[in-house]
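Shown below: upload-v1.cif, with mmCIF, C-alpha atoms.
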```cif
data_protein
#
loop_
_atom_site.group_PDB
_atom_site.id
_atom_site.type_symbol
_atom_site.label_atom_id
_atom_site.label_comp_id
_atom_site.auth_asym_id
_atom_site.auth_seq_id
_atom_site.Cartn_x
_atom_site.Cartn_y
_atom_site.Cartn_z
ATOM 1 C CA GLN W 234 111.203 129.104 115.369
ATOM 2 C CA GLU W 235 107.425 129.460 115.399
ATOM 3 C CA MET W 236 107.423 130.080 111.645
ATOM 4 C CA GLU W 237 109.564 126.975 111.111
ATOM 5 C CA ARG W 238 107.134 124.908 113.197
ATOM 6 C CA GLY W 239 104.257 126.272 111.133
ATOM 7 C CA MET W 240 106.019 125.318 107.912
ATOM 8 C CA GLN W 241 106.685 121.790 109.216
ATOM 9 C CA THR W 242 103.032 121.405 110.191
ATOM 10 C CA GLY W 243 101.950 122.717 106.784
ATOM 11 C CA LEU W 244 104.267 120.302 104.937
ATOM 12 C CA GLN W 245 103.001 117.417 107.042
ATOM 13 C CA GLN W 246 99.393 118.301 106.200
ATOM 14 C CA VAL W 247 100.240 118.513 102.484
ATOM 15 C CA ALA W 248 101.926 115.092 102.640
ATOM 16 C CA GLU W 249 98.951 113.551 104.470
ATOM 17 C CA GLY W 250 96.570 114.988 101.874
ATOM 18 C CA TYR W 251 98.788 113.726 99.057
ATOM 19 C CA VAL W 252 98.907 110.204 100.532
ATOM 20 C CA ALA W 253 95.117 110.208 101.007
ATOM 21 C CA MET W 254 94.699 111.215 97.341
ATOM 22 C CA ALA W 255 97.139 108.516 96.172
ATOM 23 C CA LEU W 256 95.320 105.843 98.201
ATOM 24 C CA THR W 257 92.024 107.027 96.682
ATOM 25 C CA ILE W 258 93.500 106.592 93.190
ATOM 26 C CA VAL W 259 94.573 103.025 94.035
ATOM 27 C CA ASP W 260 91.100 102.347 95.480
ATOM 28 C CA SER W 261 89.539 103.650 92.264
ATOM 29 C CA LEU W 262 91.724 101.314 90.154
ATOM 30 C CA GLU W 263 90.615 98.404 92.352
ATOM 31 C CA LYS W 264 86.918 99.306 92.091
ATOM 32 C CA ARG W 265 87.226 99.430 88.300
ATOM 33 C CA ARG W 266 88.962 96.024 88.436
ATOM 34 C CA LEU W 267 92.026 97.447 86.675
ATOM 35 C CA ILE W 268 94.208 96.070 89.480
ATOM 36 C CA MET W 269 93.558 93.202 91.879
ATOM 37 C CA PRO W 270 91.363 94.427 94.771
ATOM 38 C CA GLY W 271 93.175 94.253 98.109
ATOM 39 C CA HIS W 272 96.582 93.371 96.607
ATOM 40 C CA GLY W 273 98.394 96.290 98.246
ATOM 41 C CA GLU W 274 96.829 95.692 101.629
ATOM 42 C CA ARG W 275 97.598 91.960 101.610
ATOM 43 C CA THR W 276 101.135 92.652 100.375
ATOM 44 C CA ALA W 277 101.617 95.165 103.211
ATOM 45 C CA LYS W 278 100.536 92.596 105.825
ATOM 46 C CA LEU W 279 103.055 90.067 104.514
ATOM 47 C CA ALA W 280 105.834 92.656 104.219
ATOM 48 C CA LEU W 281 105.256 93.907 107.756
ATOM 49 C CA ARG W 282 105.699 90.385 109.120
ATOM 50 C CA VAL W 283 109.192 90.445 107.610
ATOM 51 C CA ALA W 284 109.749 93.993 108.911
ATOM 52 C CA ASP W 285 108.813 92.834 112.423
ATOM 53 C CA ARG W 286 111.175 89.881 112.124
ATOM 54 C CA LEU W 287 113.965 92.278 111.086
ATOM 55 C CA GLN W 288 112.980 94.672 113.890
ATOM 56 C CA LEU W 289 112.829 97.624 111.508
ATOM 57 C CA VAL W 290 112.414 101.008 113.189
ATOM 58 C CA ALA W 291 108.930 102.566 113.081
ATOM 59 C CA ALA W 292 109.781 105.063 110.307
ATOM 60 C CA ASP W 293 111.122 102.321 107.987
ATOM 61 C CA ARG W 294 108.154 100.114 108.834
ATOM 62 C CA ASN W 295 105.719 102.932 107.987
ATOM 63 C CA ASP W 296 107.510 103.671 104.704
ATOM 64 C CA LEU W 297 107.357 99.986 103.741
ATOM 65 C CA ASP W 298 103.662 99.754 104.640
ATOM 66 C CA LEU W 299 102.817 102.792 102.514
ATOM 67 C CA ALA W 300 105.014 101.646 99.609
ATOM 68 C CA CYS W 301 103.167 98.306 99.543
ATOM 69 C CA ARG W 302 99.786 100.030 99.532
ATOM 70 C CA LEU W 303 100.919 102.391 96.745
ATOM 71 C CA SER W 304 102.946 99.856 94.735
ATOM 72 C CA GLU W 305 100.354 99.832 91.927
ATOM 73 C CA LEU W 306 99.738 103.606 91.921
ATOM 74 C CA GLY W 307 101.678 104.073 88.676
ATOM 75 C CA LYS W 308 99.099 101.985 86.819
ATOM 76 C CA ALA W 309 96.826 105.035 86.971
ATOM 77 C CA TRP W 310 99.048 106.424 84.170
ATOM 78 C CA VAL W 311 98.734 103.263 82.050
ATOM 79 C CA ARG W 312 95.845 103.136 79.581
ATOM 80 C CA ALA W 313 92.862 101.248 81.018
ATOM 81 C CA ALA W 314 92.644 99.223 77.791
ATOM 82 C CA ILE W 315 96.100 97.785 78.522
ATOM 83 C CA LEU W 316 95.264 96.964 82.140
ATOM 84 C CA SER W 317 92.035 95.193 81.188
ATOM 85 C CA LYS W 318 93.286 93.481 78.010
ATOM 86 C CA GLN W 319 92.565 89.743 77.977
ATOM 87 C CA GLY W 320 94.985 88.603 75.261
ATOM 88 C CA PRO W 321 98.755 88.985 75.024
ATOM 89 C CA LEU W 322 100.190 92.503 75.193
ATOM 90 C CA THR W 323 102.180 94.070 72.367
ATOM 91 C CA ASP W 324 105.791 95.106 73.052
ATOM 92 C CA ILE W 325 104.719 98.758 73.356
ATOM 93 C CA GLU W 326 101.950 97.824 75.813
ATOM 94 C CA LYS W 327 104.393 95.730 77.879
ATOM 95 C CA GLU W 328 106.818 98.651 78.002
ATOM 96 C CA SER W 329 104.042 100.991 79.143
ATOM 97 C CA LEU W 330 103.144 98.561 81.931
ATOM 98 C CA ARG W 331 106.798 98.124 82.951
ATOM 99 C CA GLN W 332 107.033 101.887 83.500
ATOM 100 C CA HIS W 333 104.389 101.959 86.246
ATOM 101 C CA PRO W 334 106.825 101.911 89.223
ATOM 102 C CA LEU W 335 108.702 104.875 87.731
ATOM 103 C CA ARG W 336 105.502 106.825 87.198
ATOM 104 C CA ALA W 337 104.423 106.293 90.801
ATOM 105 C CA ALA W 338 107.874 107.211 92.136
ATOM 106 C CA GLU W 339 107.935 110.428 90.097
ATOM 107 C CA HIS W 340 104.663 111.522 91.684
ATOM 108 C CA LEU W 341 105.649 110.519 95.212
ATOM 109 C CA GLU W 342 109.157 111.981 95.324
ATOM 110 C CA CYS W 343 107.947 115.545 94.844
ATOM 111 C CA LEU W 344 107.347 115.665 98.620
ATOM 112 C CA PRO W 345 110.433 115.315 100.838
ATOM 113 C CA SER W 346 108.608 113.181 103.420
ATOM 114 C CA LEU W 347 107.650 110.633 100.720
ATOM 115 C CA ARG W 348 111.065 110.280 99.037
ATOM 116 C CA ARG W 349 111.925 107.044 100.861
ATOM 117 C CA VAL W 350 108.523 105.588 99.947
ATOM 118 C CA ALA W 351 109.126 106.661 96.325
ATOM 119 C CA ARG W 352 112.513 104.902 96.354
ATOM 120 C CA ILE W 353 110.942 101.609 97.493
ATOM 121 C CA VAL W 354 108.178 101.856 94.877
ATOM 122 C CA ARG W 355 110.664 102.796 92.117
ATOM 123 C CA HIS W 356 112.857 99.739 92.726
ATOM 124 C CA GLN W 357 110.155 97.090 93.322
ATOM 125 C CA ALA W 358 110.895 95.430 89.937
ATOM 126 C CA GLU W 359 114.677 95.235 90.336
ATOM 127 C CA ARG W 360 116.164 91.729 90.426
ATOM 128 C CA TYR W 361 118.798 90.449 92.826
ATOM 129 C CA ASP W 362 120.974 89.411 89.847
ATOM 130 C CA GLY W 363 120.915 92.947 88.422
ATOM 131 C CA LEU W 364 118.669 92.179 85.429
ATOM 132 C CA GLY W 365 115.620 94.054 86.731
ATOM 133 C CA LEU W 366 114.153 97.484 86.136
ATOM 134 C CA PRO W 367 114.469 100.427 86.072
ATOM 135 C CA ASP W 368 118.117 100.851 87.112
ATOM 136 C CA ARG W 369 119.450 97.290 87.006
ATOM 137 C CA LEU W 370 120.531 97.500 90.627
ATOM 138 C CA ARG W 371 122.040 94.310 92.005
ATOM 139 C CA GLY W 372 122.018 92.613 95.407
ATOM 140 C CA ASP W 373 122.213 94.871 98.437
ATOM 141 C CA ARG W 374 122.211 97.983 96.229
ATOM 142 C CA ILE W 375 118.456 97.440 95.898
ATOM 143 C CA PRO W 376 116.774 99.181 98.861
ATOM 144 C CA LEU W 377 115.818 96.702 101.589
ATOM 145 C CA GLY W 378 112.176 97.860 101.468
ATOM 146 C CA ALA W 379 112.027 97.179 97.719
ATOM 147 C CA ARG W 380 113.460 93.678 98.195
ATOM 148 C CA ILE W 381 110.846 92.933 100.871
ATOM 149 C CA LEU W 382 108.045 94.420 98.747
ATOM 150 C CA ALA W 383 109.076 92.300 95.737
ATOM 151 C CA LEU W 384 108.899 89.083 97.762
ATOM 152 C CA ALA W 385 105.612 89.910 99.478
ATOM 153 C CA ALA W 386 103.957 91.095 96.244
ATOM 154 C CA ALA W 387 105.077 88.011 94.313
ATOM 155 C CA PHE W 388 103.807 85.660 97.023
ATOM 156 C CA GLU W 389 100.517 87.537 97.273
ATOM 157 C CA THR W 390 100.044 87.415 93.494
ATOM 158 C CA LEU W 391 100.834 83.688 93.294
ATOM 159 C CA THR W 392 98.360 82.805 96.055
ATOM 160 C CA ASN W 393 95.508 85.190 95.144
ATOM 161 C CA THR W 394 95.529 85.837 91.396
ATOM 162 C CA GLY W 395 94.549 83.887 88.307
ATOM 163 C CA GLU W 396 92.676 80.684 87.764
ATOM 164 C CA GLU W 397 95.461 78.532 89.195
ATOM 165 C CA ARG W 398 95.998 80.061 92.609
ATOM 166 C CA LEU W 399 98.882 78.297 94.252
ATOM 167 C CA SER W 400 98.913 76.898 97.766
ATOM 168 C CA TRP W 401 101.223 78.664 100.226
ATOM 169 C CA GLN W 402 103.737 75.823 99.929
ATOM 170 C CA ALA W 403 103.704 75.818 96.118
ATOM 171 C CA ALA W 404 104.080 79.608 96.075
ATOM 172 C CA LEU W 405 107.034 79.427 98.489
ATOM 173 C CA ASP W 406 108.623 76.778 96.262
ATOM 174 C CA ARG W 407 108.222 79.126 93.289
ATOM 175 C CA LEU W 408 109.908 81.945 95.236
ATOM 176 C CA ARG W 409 112.726 79.633 96.318
ATOM 177 C CA ASP W 410 113.286 78.643 92.673
ATOM 178 C CA ALA W 411 113.998 82.327 91.963
ATOM 179 C CA ARG W 412 116.172 83.007 95.046
ATOM 180 C CA GLY W 413 119.496 84.560 94.149
ATOM 181 C CA GLU W 414 118.187 85.555 90.712
ATOM 182 C CA VAL W 415 114.994 87.544 91.275
ATOM 183 C CA PHE W 416 114.898 87.596 95.076
ATOM 184 C CA ASP W 417 117.398 88.231 97.864
ATOM 185 C CA PRO W 418 118.261 84.658 99.002
ATOM 186 C CA TRP W 419 118.616 85.565 102.696
ATOM 187 C CA LEU W 420 115.292 87.451 102.728
ATOM 188 C CA CYS W 421 113.623 84.668 100.749
ATOM 189 C CA ASP W 422 114.639 82.121 103.412
ATOM 190 C CA LEU W 423 113.538 84.445 106.214
ATOM 191 C CA PHE W 424 110.191 85.057 104.465
ATOM 192 C CA ALA W 425 109.605 81.295 104.113
ATOM 193 C CA GLU W 426 110.473 80.754 107.797
ATOM 194 C CA GLU W 427 108.119 83.529 108.873
ATOM 195 C CA LEU W 428 105.213 82.027 106.911
#
```
Take the structure I supplied and represent it as structure tokens, if you would.
Amino acid sequence: QEMERGMQTGLQQVAEGYVAMALTIVDSLEKRRLIMPGHGERTAKLALRVADRLQLVAADRNDLDLACRLSELGKAWVRAAILSKQGPLTDIEKESLRQHPLRAAEHLECLPSLRRVARIVRHQAERYDGLGLPDRLRGDRIPLGARILALAAAFETLTNTGEERLSWQAALDRLRDARGEVFDPWLCDLFAEEL
């Protein structure tokens, strides 16, 4: 029993070190302006408002928080030239960029305690209508955390990125236009209510 406790403690320390390293990688991408600084943190704040509304248990809430903060981790395996390119991307470059959630999930799921976080990150680009990536999951087959992350990340991007940053209301209208296709309609309505 003592040996088992020691192994559990050791695994927990490895996982904590791994998460710290992953967060450092995301921070490095932000500092190099290869991803939007603060996107993960702002996305997490929005997602956790929905989690609170849904009264998610602490473990699910923590997994969602971490998945939001690590949602762009996979971009560390995309060439910097693609991430910083000003003009349109080629088809090959677009495909490389589309693979970033898979890359992040592959690196996170190697630790048992991060498998649920990996699952949320992996499925962040699925669509409610089943036309998303990587597995074309549809509706409730998409993990709840991934559906929340998708909404929060889209809203955060619309209100904080690009030359034409949208107002909260305009961004919510854009999300509502995609409800039932890209986003879970029930969650979309709940998200709008919460904001």
inquiry  = Nearest residue to Pro376 of chain W out of W:Glu342, W:Asp296, W:Asp324, W:Glu427, using all atoms listed in the file?
reply    =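 The closest residue to Pro376 of chain W is W:Asp296.
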task = Find the spatial neighbours of segment 308-320 of chain W, counting all atoms listed in the file, within a cut-off of 12 Å - ignore same-chain residues fewer than 4 positions away - and output them as an MDAnalysis selection string.
result = chainID W and resid 255:263 265:269 303:304 324:340
Can I get the selected residues back with C-alpha atoms, as a compact mmCIF listing (two decimals), in the frame of the given file?
```
# COMPACT_ATOMS: atom_id res chain seq x y z
CA ALA W 255 97.14 108.52 96.17
CA LEU W 256 95.32 105.84 98.20
CA THR W 257 92.02 107.03 96.68
CA ILE W 258 93.50 106.59 93.19
CA VAL W 259 94.57 103.02 94.04
CA ASP W 260 91.10 102.35 95.48
CA SER W 261 89.54 103.65 92.26
CA LEU W 262 91.72 101.31 90.15
CA GLU W 263 90.62 98.40 92.35
CA ARG W 265 87.23 99.43 88.30
CA ARG W 266 88.96 96.02 88.44
CA LEU W 267 92.03 97.45 86.68
CA ILE W 268 94.21 96.07 89.48
CA MET W 269 93.56 93.20 91.88
CA LEU W 303 100.92 102.39 96.74
CA SER W 304 102.95 99.86 94.74
CA ASP W 324 105.79 95.11 73.05
CA ILE W 325 104.72 98.76 73.36
CA GLU W 326 101.95 97.82 75.81
CA LYS W 327 104.39 95.73 77.88
CA GLU W 328 106.82 98.65 78.00
CA SER W 329 104.04 100.99 79.14
CA LEU W 330 103.14 98.56 81.93
CA ARG W 331 106.80 98.12 82.95
CA GLN W 332 107.03 101.89 83.50
CA HIS W 333 104.39 101.96 86.25
CA PRO W 334 106.82 101.91 89.22
CA LEU W 335 108.70 104.88 87.73
CA ARG W 336 105.50 106.82 87.20
CA ALA W 337 104.42 106.29 90.80
CA ALA W 338 107.87 107.21 92.14
CA GLU W 339 107.94 110.43 90.10
CA HIS W 340 104.66 111.52 91.68
```
request  = Name the residues that the PyMOL selection byres ((chain W and resi 407) around 12) picks from the file above, as a PyMOL selection string, using the file's chain letters and numbers.
outcome  = chain W and resi 384+387-388+390-392+399-406+408-412+415-416+421+425
query = Do you know which residues the PyMOL selection byres ((chain W and resi 234-248) around 10) returns on this file, as number ranges by chain?
reply = W: 249-254, 341, 343-347
inquiry  = Ranking W:Asn295, W:Gln288, W:Asn393, W:Thr323 by minimum distance to Val350 of chain W and counting only C-alpha atoms, which one comes first?
reply    =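 The answer is W:Asn295, which sits nearest to Val350 of chain W.
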message = Residues near Leu289 of chain W, anyone? I mean within 12 Å using all atoms listed in the file, not counting same-chain ones fewer than 5 positions away, as a VMD selection string.
response = chain W and resid 280 to 284 294 to 298 377 to 378 381
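Nearest-residue note for Gly271 of chain W: choosing from W:Glu305, W:Glu414, W:Asp368, W:Asp362, the minimum distance belongs to W:Glu305, counting all atoms listed in the file.
Coordinates place atom CA of Cys301 of chain W at a distance of 20.2 Å from atom CA of Asp422 of chain W.
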ask   = Applied to the shown file, which residues does the PyMOL selection byres ((chain W and resi 363) around 12) return, written as a list in words?
value =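 After applying the PyMOL selection byres ((chain W and resi 363) around 12), what remains is His356, Ala358, Glu359, Arg360, Tyr361, Asp362, Leu364, Gly365, Leu366, Pro367, Asp368, Arg369, Leu370, Arg371, Gly372, Asp373, Arg374, Ile375, Gly413, Glu414, Val415, Phe416 and Asp417 of chain W.
Interatomic distance, atom CA of Arg302 of chain W against atom CA of Glu274 of chain W: 5.7 Å.
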key: Separation of atom CA of Thr394 of chain W from atom CA of Asp293 of chain W, in Å and rounded to one decimal   =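 Rounded to one decimal, the two atoms are 28.1 Å apart.
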request  = Compare W:Ala292, W:Glu397, W:Leu420, W:Ala385 by their minimum atom-to-atom distance to Gly273 of chain W, counting only C-alpha atoms, and give me the closest one.
outcome  =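 When distances to Gly273 of chain W are compared using only C-alpha atoms, the smallest one comes from W:Ala385.
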task = For Ala300 of chain W, work out the shell of residues within 8 Å, counting only C-alpha atoms and skipping chain neighbours fewer than 6 positions away, then give it as a VMD selection string.
result = chain W and resid 350 to 351 353 to 354 382
